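Here's start.tsv, which has TSV, C-alpha atoms:
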```tsv
chain	number	residue	atom	x	y	z
A	1	MET	CA	0.00	0.00	0.00
A	2	ALA	CA	1.19	3.50	-0.67
A	3	GLU	CA	1.75	5.75	2.33
A	4	VAL	CA	1.33	9.45	2.88
A	5	HIS	CA	2.67	11.46	5.81
A	6	VAL	CA	1.04	14.83	6.45
A	7	ILE	CA	3.18	16.74	8.93
A	8	GLY	CA	2.76	20.42	9.63
A	9	GLN	CA	1.04	23.11	11.61
A	10	ILE	CA	-2.09	25.20	11.59
A	11	MET	CA	-0.17	28.41	12.08
A	12	GLY	CA	-2.96	30.88	12.70
A	13	ALA	CA	-5.67	33.03	11.25
A	14	SER	CA	-5.88	36.60	10.04
A	15	GLY	CA	-8.49	38.91	8.66
A	16	PHE	CA	-11.28	37.97	11.05
A	17	SER	CA	-13.25	40.78	12.62
A	18	GLU	CA	-13.36	38.95	15.94
A	19	SER	CA	-10.34	38.34	18.15
A	20	SER	CA	-10.01	35.40	20.60
A	21	LEU	CA	-10.27	32.71	17.96
A	22	PHE	CA	-9.95	28.95	18.02
A	23	CYS	CA	-10.17	26.41	15.26
A	24	LYS	CA	-11.73	22.96	15.10
A	25	TRP	CA	-10.12	20.97	12.33
A	26	GLY	CA	-10.54	17.57	10.82
A	27	ILE	CA	-9.30	15.52	7.87
A	28	HIS	CA	-11.70	13.77	5.58
A	29	THR	CA	-10.54	11.01	3.24
A	30	GLY	CA	-12.14	8.59	0.83
A	31	ALA	CA	-12.97	4.96	1.51
A	32	ALA	CA	-9.65	3.61	0.19
A	33	TRP	CA	-7.65	5.52	2.82
A	34	LYS	CA	-6.75	4.24	6.25
A	35	LEU	CA	-5.32	6.31	9.09
A	36	LEU	CA	-2.37	4.46	10.60
A	37	SER	CA	-1.24	7.00	13.21
A	38	GLY	CA	-2.23	10.42	14.37
A	39	MET	CA	-5.37	12.25	15.37
A	40	ARG	CA	-7.86	12.74	12.58
A	41	GLU	CA	-9.40	15.81	14.16
A	42	GLY	CA	-8.72	18.26	16.90
A	43	GLN	CA	-9.26	21.68	18.32
A	44	THR	CA	-6.73	24.41	18.88
A	45	GLN	CA	-6.41	26.65	21.89
A	46	VAL	CA	-8.13	30.04	22.00
A	47	ASP	CA	-5.72	32.76	21.03
A	48	THR	CA	-6.01	36.49	21.68
A	49	PRO	CA	-3.50	38.53	19.71
A	50	GLN	CA	-1.69	41.17	21.74
A	51	ILE	CA	0.01	42.85	18.82
A	52	GLY	CA	-1.38	42.88	15.31
A	53	ASP	CA	-4.46	41.08	14.15
A	54	MET	CA	-3.17	37.59	13.43
A	55	ALA	CA	-4.14	34.92	15.94
A	56	TYR	CA	-1.43	32.25	16.21
A	57	TRP	CA	-2.16	28.67	17.16
A	58	SER	CA	0.91	26.72	15.93
A	59	HIS	CA	-1.17	23.58	16.23
A	60	PRO	CA	0.80	20.51	15.12
A	61	ILE	CA	-0.63	18.02	12.65
A	62	ASP	CA	1.06	14.65	12.19
A	63	LEU	CA	-0.84	12.00	10.25
A	64	HIS	CA	0.18	8.76	8.60
A	65	PHE	CA	-2.17	7.35	5.97
A	66	ALA	CA	-2.05	4.17	3.92
A	67	THR	CA	-4.01	4.05	0.73
A	68	LYS	CA	-4.97	1.79	-2.12
A	69	GLY	CA	-6.11	4.52	-4.47
A	70	LEU	CA	-5.86	8.21	-5.28
A	71	GLN	CA	-9.59	8.82	-4.99
A	72	GLY	CA	-10.58	10.65	-1.86
A	73	TRP	CA	-7.26	12.45	-1.44
A	74	PRO	CA	-7.31	13.96	2.07
A	75	ARG	CA	-9.09	17.24	2.60
A	76	LEU	CA	-8.55	19.36	5.66
A	77	HIS	CA	-11.69	21.12	6.87
A	78	LEU	CA	-11.71	23.91	9.42
A	79	GLN	CA	-14.22	25.75	11.57
A	80	VAL	CA	-13.01	28.97	13.11
A	81	TRP	CA	-14.91	30.14	16.18
A	82	SER	CA	-14.50	33.15	18.40
A	83	GLN	CA	-14.93	33.08	22.16
A	84	ASP	CA	-15.93	36.17	24.10
A	85	SER	CA	-15.08	37.10	27.66
A	86	PHE	CA	-18.21	35.31	28.94
A	87	GLY	CA	-17.13	32.04	27.38
A	88	ARG	CA	-19.75	32.03	24.62
A	89	CYS	CA	-18.67	30.76	21.22
A	90	GLN	CA	-19.70	32.24	17.90
A	91	LEU	CA	-18.95	30.92	14.45
A	92	ALA	CA	-16.44	33.01	12.51
A	93	GLY	CA	-15.97	30.90	9.38
A	94	TYR	CA	-15.85	27.51	7.69
A	95	GLY	CA	-13.14	26.54	5.22
A	96	PHE	CA	-11.48	23.57	3.63
A	97	CYS	CA	-8.43	22.87	1.51
A	98	HIS	CA	-6.98	19.77	-0.07
A	99	VAL	CA	-3.77	18.42	1.37
A	100	PRO	CA	-1.11	19.11	-1.30
A	101	SER	CA	-0.09	16.21	-3.52
A	102	SER	CA	3.57	16.97	-4.19
A	103	PRO	CA	6.18	16.14	-1.56
A	104	GLY	CA	7.76	18.99	0.32
A	105	THR	CA	6.68	21.87	2.47
A	106	HIS	CA	3.76	24.03	1.40
A	107	GLN	CA	2.31	27.26	2.74
A	108	LEU	CA	-1.46	27.21	2.44
A	109	ALA	CA	-3.91	30.05	2.94
A	110	CYS	CA	-7.41	28.75	3.36
A	111	PRO	CA	-10.21	31.30	2.88
A	112	THR	CA	-13.30	30.95	5.06
A	113	TRP	CA	-16.96	31.83	4.79
A	114	ARG	CA	-19.90	31.87	7.14
A	115	PRO	CA	-23.59	31.45	6.42
A	116	LEU	CA	-25.65	34.61	6.43
A	117	GLY	CA	-29.19	34.33	7.61
A	118	SER	CA	-32.14	36.56	6.98
A	119	TRP	CA	-31.80	40.26	7.73
A	120	ARG	CA	-33.33	39.65	11.14
A	121	GLU	CA	-30.72	37.04	11.97
A	122	GLN	CA	-27.95	39.32	10.79
A	123	LEU	CA	-29.20	42.12	13.00
A	124	ALA	CA	-29.50	39.79	15.95
A	125	ARG	CA	-25.98	38.54	15.35
A	126	ALA	CA	-24.63	42.07	15.37
A	127	PHE	CA	-26.24	42.87	18.71
A	128	VAL	CA	-26.58	39.64	20.60
A	129	GLY	CA	-24.27	37.20	18.83
A	130	GLY	CA	-25.01	33.72	17.58
A	131	GLY	CA	-26.00	33.35	13.96
A	132	PRO	CA	-26.72	30.40	11.69
A	133	GLN	CA	-24.47	27.34	11.56
A	134	LEU	CA	-24.36	24.33	9.32
A	135	LEU	CA	-26.24	21.27	10.50
A	136	HIS	CA	-24.03	18.84	8.64
A	137	GLY	CA	-20.29	19.36	8.75
A	138	ASP	CA	-19.70	17.69	5.41
A	139	THR	CA	-21.08	20.67	3.51
A	140	ILE	CA	-17.81	22.38	4.38
A	141	TYR	CA	-15.83	20.13	2.05
A	142	SER	CA	-18.46	18.86	-0.39
A	143	GLY	CA	-20.09	20.74	-3.21
A	144	ALA	CA	-23.50	19.16	-3.01
A	145	ASP	CA	-26.29	21.36	-1.64
A	146	ARG	CA	-24.12	24.44	-1.54
A	147	TYR	CA	-26.52	26.22	-3.88
A	148	ARG	CA	-28.93	26.61	-1.00
A	149	LEU	CA	-26.56	28.79	0.97
A	150	HIS	CA	-25.99	32.53	1.04
A	151	THR	CA	-22.69	33.28	2.71
A	152	ALA	CA	-20.29	36.07	3.59
A	153	ALA	CA	-16.51	35.96	3.68
A	154	GLY	CA	-14.57	35.38	6.87
A	155	GLY	CA	-10.79	35.71	7.31
A	156	THR	CA	-7.99	33.37	6.18
A	157	VAL	CA	-6.42	30.43	7.99
A	158	HIS	CA	-2.70	29.94	7.39
A	159	LEU	CA	-1.22	26.47	7.39
A	160	GLU	CA	2.18	25.03	6.74
A	161	ILE	CA	1.89	21.45	5.59
A	162	GLY	CA	4.72	19.12	4.71
A	163	LEU	CA	4.10	16.01	2.71
A	164	LEU	CA	6.10	12.79	2.47
A	165	LEU	CA	5.03	10.11	0.02
A	166	ARG	CA	6.13	6.50	-0.01
A	167	HIS	CA	5.75	3.57	-2.42
A	168	PHE	CA	3.74	5.53	-4.92
A	169	ASP	CA	6.09	4.47	-7.71
A	170	ARG	CA	5.12	0.85	-7.15
A	171	TYR	CA	1.63	1.72	-8.30
A	172	GLY	CA	2.72	3.71	-11.27
A	173	VAL	CA	2.09	7.13	-9.76
A	174	GLU	CA	4.82	9.67	-10.36
A	175	CYS	CA	5.40	12.19	-7.63
B	1	MET	CA	25.98	5.08	11.40
B	2	ALA	CA	25.45	1.43	10.51
B	3	ALA	CA	21.79	0.83	10.00
B	4	ALA	CA	20.23	-2.01	11.96
B	5	SER	CA	17.77	-2.61	9.16
B	6	PRO	CA	17.39	-0.99	5.75
B	7	THR	CA	14.53	1.24	6.89
B	8	VAL	CA	16.41	3.14	9.61
B	9	PHE	CA	17.26	6.70	8.60
B	10	LEU	CA	19.13	9.48	10.33
B	11	LEU	CA	18.15	13.10	10.64
B	12	MET	CA	20.89	15.55	11.51
B	13	VAL	CA	19.84	18.99	12.68
B	14	ASN	CA	22.34	21.83	12.97
B	15	GLY	CA	21.46	25.38	13.57
B	16	GLN	CA	20.91	28.08	16.10
B	17	VAL	CA	18.28	29.97	17.96
B	18	GLU	CA	19.25	33.22	16.37
B	19	SER	CA	17.32	36.06	17.92
B	20	ALA	CA	13.95	37.28	19.10
B	21	GLN	CA	11.81	40.35	19.05
B	22	PHE	CA	9.73	41.06	22.11
B	23	PRO	CA	8.81	44.74	22.13
B	24	GLU	CA	7.64	44.73	25.74
B	25	TYR	CA	10.22	42.60	27.54
B	26	ASP	CA	13.95	42.60	28.08
B	27	ASP	CA	16.66	40.43	29.67
B	28	LEU	CA	15.33	37.18	28.31
B	29	TYR	CA	16.73	33.66	28.06
B	30	CYS	CA	15.36	30.73	26.16
B	31	LYS	CA	15.24	26.99	26.62
B	32	TYR	CA	14.80	24.55	23.78
B	33	CYS	CA	13.88	20.89	23.78
B	34	PHE	CA	12.79	18.39	21.14
B	35	VAL	CA	9.53	16.47	21.12
B	36	TYR	CA	9.34	13.40	18.94
B	37	GLY	CA	7.31	10.23	18.45
B	38	GLN	CA	7.98	6.78	19.82
B	39	ASP	CA	9.86	5.61	16.76
B	40	TRP	CA	12.47	8.34	17.14
B	41	ALA	CA	15.54	8.45	19.33
B	42	PRO	CA	18.38	10.97	19.60
B	43	THR	CA	21.73	9.39	18.79
B	44	ALA	CA	24.12	12.32	19.12
B	45	GLY	CA	24.16	15.83	20.43
B	46	LEU	CA	22.05	17.55	23.04
B	47	GLU	CA	18.31	17.50	22.84
B	48	GLU	CA	17.82	20.25	25.41
B	49	GLY	CA	19.57	23.47	26.27
B	50	ILE	CA	19.33	26.76	28.13
B	51	SER	CA	20.73	29.90	26.57
B	52	GLN	CA	22.40	32.94	28.07
B	53	ILE	CA	20.39	35.96	29.23
B	54	THR	CA	20.39	38.66	26.62
B	55	SER	CA	19.42	42.32	26.62
B	56	LYS	CA	17.97	44.37	23.80
B	57	SER	CA	20.35	46.09	21.48
B	58	GLN	CA	20.42	49.87	21.77
B	59	ASP	CA	19.81	50.50	18.10
B	60	VAL	CA	16.54	50.67	16.17
B	61	ARG	CA	16.34	46.91	15.69
B	62	GLN	CA	15.76	46.28	19.42
B	63	ALA	CA	16.88	42.73	18.81
B	64	LEU	CA	17.51	40.14	21.50
B	65	VAL	CA	20.30	37.97	20.13
B	66	TRP	CA	21.17	34.56	21.52
B	67	ASN	CA	23.01	32.87	18.66
B	68	PHE	CA	22.50	29.67	20.63
B	69	PRO	CA	23.71	26.50	18.89
B	70	ILE	CA	21.55	23.47	18.22
B	71	ASP	CA	23.24	20.25	17.18
B	72	VAL	CA	21.46	16.94	17.40
B	73	THR	CA	21.03	13.78	15.33
B	74	PHE	CA	17.98	11.54	15.47
B	75	LYS	CA	17.43	8.07	14.13
B	76	SER	CA	14.07	6.64	13.21
B	77	THR	CA	12.21	4.05	11.19
B	78	ASN	CA	9.07	6.08	10.59
B	79	PRO	CA	8.35	9.70	9.68
B	80	TYR	CA	5.40	9.73	12.05
B	81	GLY	CA	6.35	11.76	15.13
B	82	TRP	CA	8.77	13.94	13.16
B	83	PRO	CA	10.68	15.99	15.76
B	84	GLN	CA	9.47	19.38	16.79
B	85	ILE	CA	11.59	21.92	18.55
B	86	VAL	CA	9.85	23.58	21.49
B	87	LEU	CA	11.14	26.96	22.62
B	88	SER	CA	10.30	28.61	25.94
B	89	VAL	CA	11.39	32.15	26.65
B	90	TYR	CA	11.68	33.45	30.22
B	91	GLY	CA	12.43	36.84	31.68
B	92	PRO	CA	12.11	38.90	34.87
B	93	ASP	CA	8.92	40.75	35.69
B	94	VAL	CA	8.57	44.07	37.52
B	95	PHE	CA	9.23	42.43	40.90
B	96	GLY	CA	12.24	40.42	39.74
B	97	ASN	CA	10.59	37.00	39.49
B	98	ASP	CA	11.43	34.75	36.57
B	99	VAL	CA	8.30	34.36	34.51
B	100	VAL	CA	7.53	32.75	31.20
B	101	ARG	CA	7.27	35.18	28.29
B	102	GLY	CA	6.40	32.79	25.52
B	103	TYR	CA	6.18	29.23	24.27
B	104	GLY	CA	6.41	28.16	20.66
B	105	ALA	CA	6.98	25.04	18.63
B	106	VAL	CA	7.76	24.16	15.05
B	107	HIS	CA	8.57	20.97	13.14
B	108	VAL	CA	12.14	20.42	12.05
B	109	PRO	CA	12.12	21.03	8.25
B	110	PHE	CA	11.87	17.92	6.06
B	111	SER	CA	14.08	18.81	3.18
B	112	PRO	CA	17.85	19.05	3.35
B	113	GLY	CA	19.27	22.50	3.13
B	114	ARG	CA	19.24	25.76	4.94
B	115	HIS	CA	15.97	27.00	6.39
B	116	LYS	CA	14.96	29.94	8.49
B	117	ARG	CA	11.87	29.81	10.65
B	118	THR	CA	10.23	32.56	12.60
B	119	ILE	CA	8.06	31.21	15.37
B	120	PRO	CA	5.21	33.11	17.01
B	121	MET	CA	5.17	32.73	20.79
B	122	PHE	CA	2.27	32.64	23.16
B	123	VAL	CA	1.67	32.55	26.91
B	124	PRO	CA	-1.20	30.91	28.78
B	125	GLU	CA	-3.62	33.42	30.27
B	126	SER	CA	-5.78	33.10	33.35
B	127	THR	CA	-9.43	33.23	32.53
B	128	SER	CA	-10.60	35.44	35.35
B	129	LYS	CA	-9.53	39.03	35.91
B	130	LEU	CA	-8.84	38.42	39.58
B	131	GLN	CA	-6.50	35.60	38.73
B	132	LYS	CA	-4.74	37.80	36.20
B	133	PHE	CA	-4.16	40.46	38.82
B	134	THR	CA	-2.95	38.07	41.51
B	135	SER	CA	-0.61	36.36	39.09
B	136	TRP	CA	0.83	39.71	38.02
B	137	PHE	CA	1.21	40.75	41.64
B	138	THR	CA	2.74	37.58	43.04
B	139	GLY	CA	4.75	36.67	39.96
B	140	ARG	CA	3.14	33.25	39.85
B	141	ARG	CA	1.80	33.29	36.33
B	142	PRO	CA	0.19	30.34	34.61
B	143	GLU	CA	2.95	28.20	33.27
B	144	TYR	CA	3.03	24.76	31.69
B	145	THR	CA	4.52	22.17	34.04
B	146	ASP	CA	6.00	20.50	31.01
B	147	PRO	CA	6.69	22.76	28.00
B	148	LYS	CA	6.43	19.71	25.74
B	149	VAL	CA	2.68	20.09	25.92
B	150	VAL	CA	3.06	22.91	23.40
B	151	ALA	CA	4.10	20.42	20.74
B	152	GLN	CA	1.07	18.20	21.14
B	153	GLY	CA	-2.24	18.47	19.45
B	154	GLU	CA	-4.45	16.85	22.04
B	155	GLY	CA	-5.88	18.66	25.01
B	156	ARG	CA	-5.47	22.17	23.75
B	157	GLU	CA	-9.13	23.06	23.96
B	158	GLY	CA	-8.96	24.24	27.55
B	159	ASN	CA	-6.10	26.61	26.88
B	160	HIS	CA	-6.44	30.27	26.45
B	161	PRO	CA	-3.09	31.68	25.57
B	162	GLU	CA	-2.47	35.16	24.30
B	163	ALA	CA	-0.14	35.43	21.39
B	164	GLU	CA	2.75	37.76	21.72
B	165	ILE	CA	3.34	38.43	18.09
B	166	PRO	CA	7.05	38.96	18.73
B	167	LYS	CA	8.82	35.96	17.51
B	168	ALA	CA	11.99	33.97	17.89
B	169	ALA	CA	13.87	33.22	14.72
B	170	TRP	CA	16.12	30.26	14.17
B	171	VAL	CA	18.18	28.94	11.38
B	172	CYS	CA	18.55	25.29	10.68
B	173	LEU	CA	21.24	23.90	8.46
B	174	CYS	CA	19.51	20.80	7.77
B	175	PRO	CA	19.69	17.25	7.41
B	176	ASN	CA	21.32	14.62	5.70
B	177	GLN	CA	19.53	11.39	5.50
B	178	PRO	CA	22.13	8.71	5.07
B	179	GLY	CA	21.51	5.03	5.56
```
For this file, write the structure as C-alpha cells.
Amino acid sequence: MAEVHVIGQIMGASGFSESSLFCKWGIHTGAAWKLLSGMREGQTQVDTPQIGDMAYWSHPIDLHFATKGLQGWPRLHLQVWSQDSFGRCQLAGYGFCHVPSSPGTHQLACPTWRPLGSWREQLARAFVGGGPQLLHGDTIYSGADRYRLHTAAGGTVHLEIGLLLRHFDRYGVEC
Amino acid sequence: MAAASPTVFLLMVNGQVESAQFPEYDDLYCKYCFVYGQDWAPTAGLEEGISQITSKSQDVRQALVWNFPIDVTFKSTNPYGWPQIVLSVYGPDVFGNDVVRGYGAVHVPFSPGRHKRTIPMFVPESTSKLQKFTSWFTGRRPEYTDPKVVAQGEGREGNHPEAEIPKAAWVCLCPNQPG
C-alpha cells in the first residue's frame, strides 16, 4: 500500500473581525484511505492577539495514511470560532483545503466563509451574537447542496503542511 | 551510522536559535527541547539546552540575540512523530521574578538544506480578571509544568493563551539522510 505522511502546523488566522479565535479541524478522506497513526481531528487553543491582528495557534498536525487509491485524497476542513469574555462561542468561518499532492513543504492560505441568515438574523448577530451554523459538517468540504446557501466571507487560515510520500512508484504514480 | 535494518534513517539537525523580538520585555533567556514520536531516538548531540540571558540592542532593531547553537542527530524508522523543537522564553517581571514570556513550537524542516523559521510565541492566560491580577502581583503566572505540551495536538481546547506576536527566529542547516 502507498503511504502518505502529512506533517505540519495550523499556524494561525488573520483577517477575522473577531479576536479570541480557536479552530476545530478535521481531515476527511475517501474509503480507500486508512489512518495508521495520528489524530484525525482536533481543536486548537483560543488565542487572543496582543500585537497585530493575526491569531497564532501553531497547532501541530502529524498523520500517517495508507491508501490503495488516489480517490478521496485527504481534505482538511476547518471551523473557526470566536470566544468572548463570557465564554460564549460564535462561528467566525468555515473553510477547507486539499492536502497538497507533491512532496515537500507548502504554505497554504485557506479562505473561510460563514452562512448569512435573513436580515433579522444578521441584525440579531450584530447585537446579541449567535448566527446560523451548518447542520451537517460535510457541507464544508463537499459541493452538493451548496446552492442553497448565502454566505459572507470570513478571514484566512494559514497552514504550513509538509508532505512525504512513499511507495507511490510501485503503483505507477509519479510524484 | 550502521543501520540495523534498511529502513532506519538518520536526521541531523544543525542550527541556532538566532534572535527574538519582544517589544515589551527585556533580559530574556530561552530553553529549547525536542519532542518526537515513539519511533524516534536521539543518537548524538544535546536535545535540550538553556541559553544565556540577553538584553535588547540599543539601536533601532531592538533585537535580543542569543546565537544559541543546536546540534542533534535523530534516528528513526518512521516519519510519524517527526521531531518538533519547542522553545520557551523566560524573563524577569517588575518584581524580579522569573516568569515565562512565551512558548512556541515548530517541526524540524523535512528537506535538506538551509531554512529559516520565525516562530510566534504565546503565553497561557488566566481566565478570570482576579487571577490575572494576583498572578501579576505575586509573579506566579500560569505556566506549563511540562513545555512539551506545546508540541502536542491533544488537550489544547482548555487553553487560552495570548499570542505575543514577537517571535523567535532560528536557522537550521539541515539534514542529511544517510543510511
For this session: Compute the distance from (17.1, 30.5, 17.4) to each atom, counting all atoms listed in the file, keep the residues with any atom at most 12 Å away, and return them as a ChimeraX atom specification; use the coordinates of the file.
Result: /B:14-21,29-33,49-51,64-71,85-89,104-106,115-119,167-173
For this session: Name all residues at most 12 Å from B:Lys129 (count only C-alpha atoms; drop same-chain ones fewer than 5 positions away) and give them as JSON, numbers by chain.
Result: {"A": [85, 86], "B": [134, 135, 136]}
Problem set entry | Radius query 9 Å about (-14.9, 11.9, -0.9), atoms used: only C-alpha atoms, as a list in words | His28, Thr29, Gly30, Ala31, Gln71, Gly72, Trp73, Pro74, Arg75, Tyr141 and Ser142 of chain A
For this session: Give me the residues within 12 Å of A:His158 as an NGL selection string, counting only C-alpha atoms and dropping any in the same chain fewer than 2 places off.
Result: :A and (8-15 or 23 or 54-59 or 78 or 80 or 95-97 or 106-112 or 155-156 or 160-161)
For this session: Go through B:Gln38, B:Gln58, B:Ser76, B:Thr145 one by one, measure the shortest atom-to-atom distance of each to chain A using only C-alpha atoms, and give the residue with the smallest value.
Result: B:Gln38
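We find atom CA of A:Ile51 and atom CA of B:Glu24 to be spaced 10.5 Å apart.
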For this session: Could you tell me which of A:Trp33, A:Leu159, A:Leu70, A:Leu164 comes closest to B:Asn78 if we count only C-alpha atoms?
Result: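 For B:Asn78, the nearest of the given residues is A:Leu164.
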Problem set entry | Residue neighbourhood B:Phe95, 12 Å, all atoms listed in the file, exclusion window fewer than 3 positions, as a count of residues only | 10
For this session: For atom CA of A:Glu3 and atom CA of B:Phe110, determine how far apart the two atoms are, in Å to one decimal place.
Result: 16.3 Å
Exercise. Mind listing as number ranges by chain which residues of chain A are within 6 Å of chain B, counting only C-alpha atoms?
Worked result: A: 43-51, 60
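Here atom CA of A:Gly87 is placed at a distance of 25.0 Å from atom CA of B:Val100.
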Problem set entry | Shell around A:Arg170 at 10 Å using all atoms listed in the file, local window under 3 positions removed, as a ChimeraX atom specification | /A:1-2,166-167,173-174
For this session: Choose the residue, out of A:Gly26, A:Gly137, A:Pro115, A:Gly93, that has the smallest atom-to-atom separation from A:Arg40; count only C-alpha atoms.
Result: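 Looking at the shortest contact to A:Arg40, the residue is A:Gly26.
If you count only C-alpha atoms and ignore residues fewer than 2 places along the chain from B:Gly45, what sits within 7 Å of it is Glu47, Asp71, Val72 and Thr73 of chain B.
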Problem set entry | Distance criterion (only C-alpha atoms): nearest to A:Asp84 out of A:Gln133, A:Ile61, A:Gly172, A:Val128 |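 For A:Asp84, the nearest of the candidates is A:Val128.
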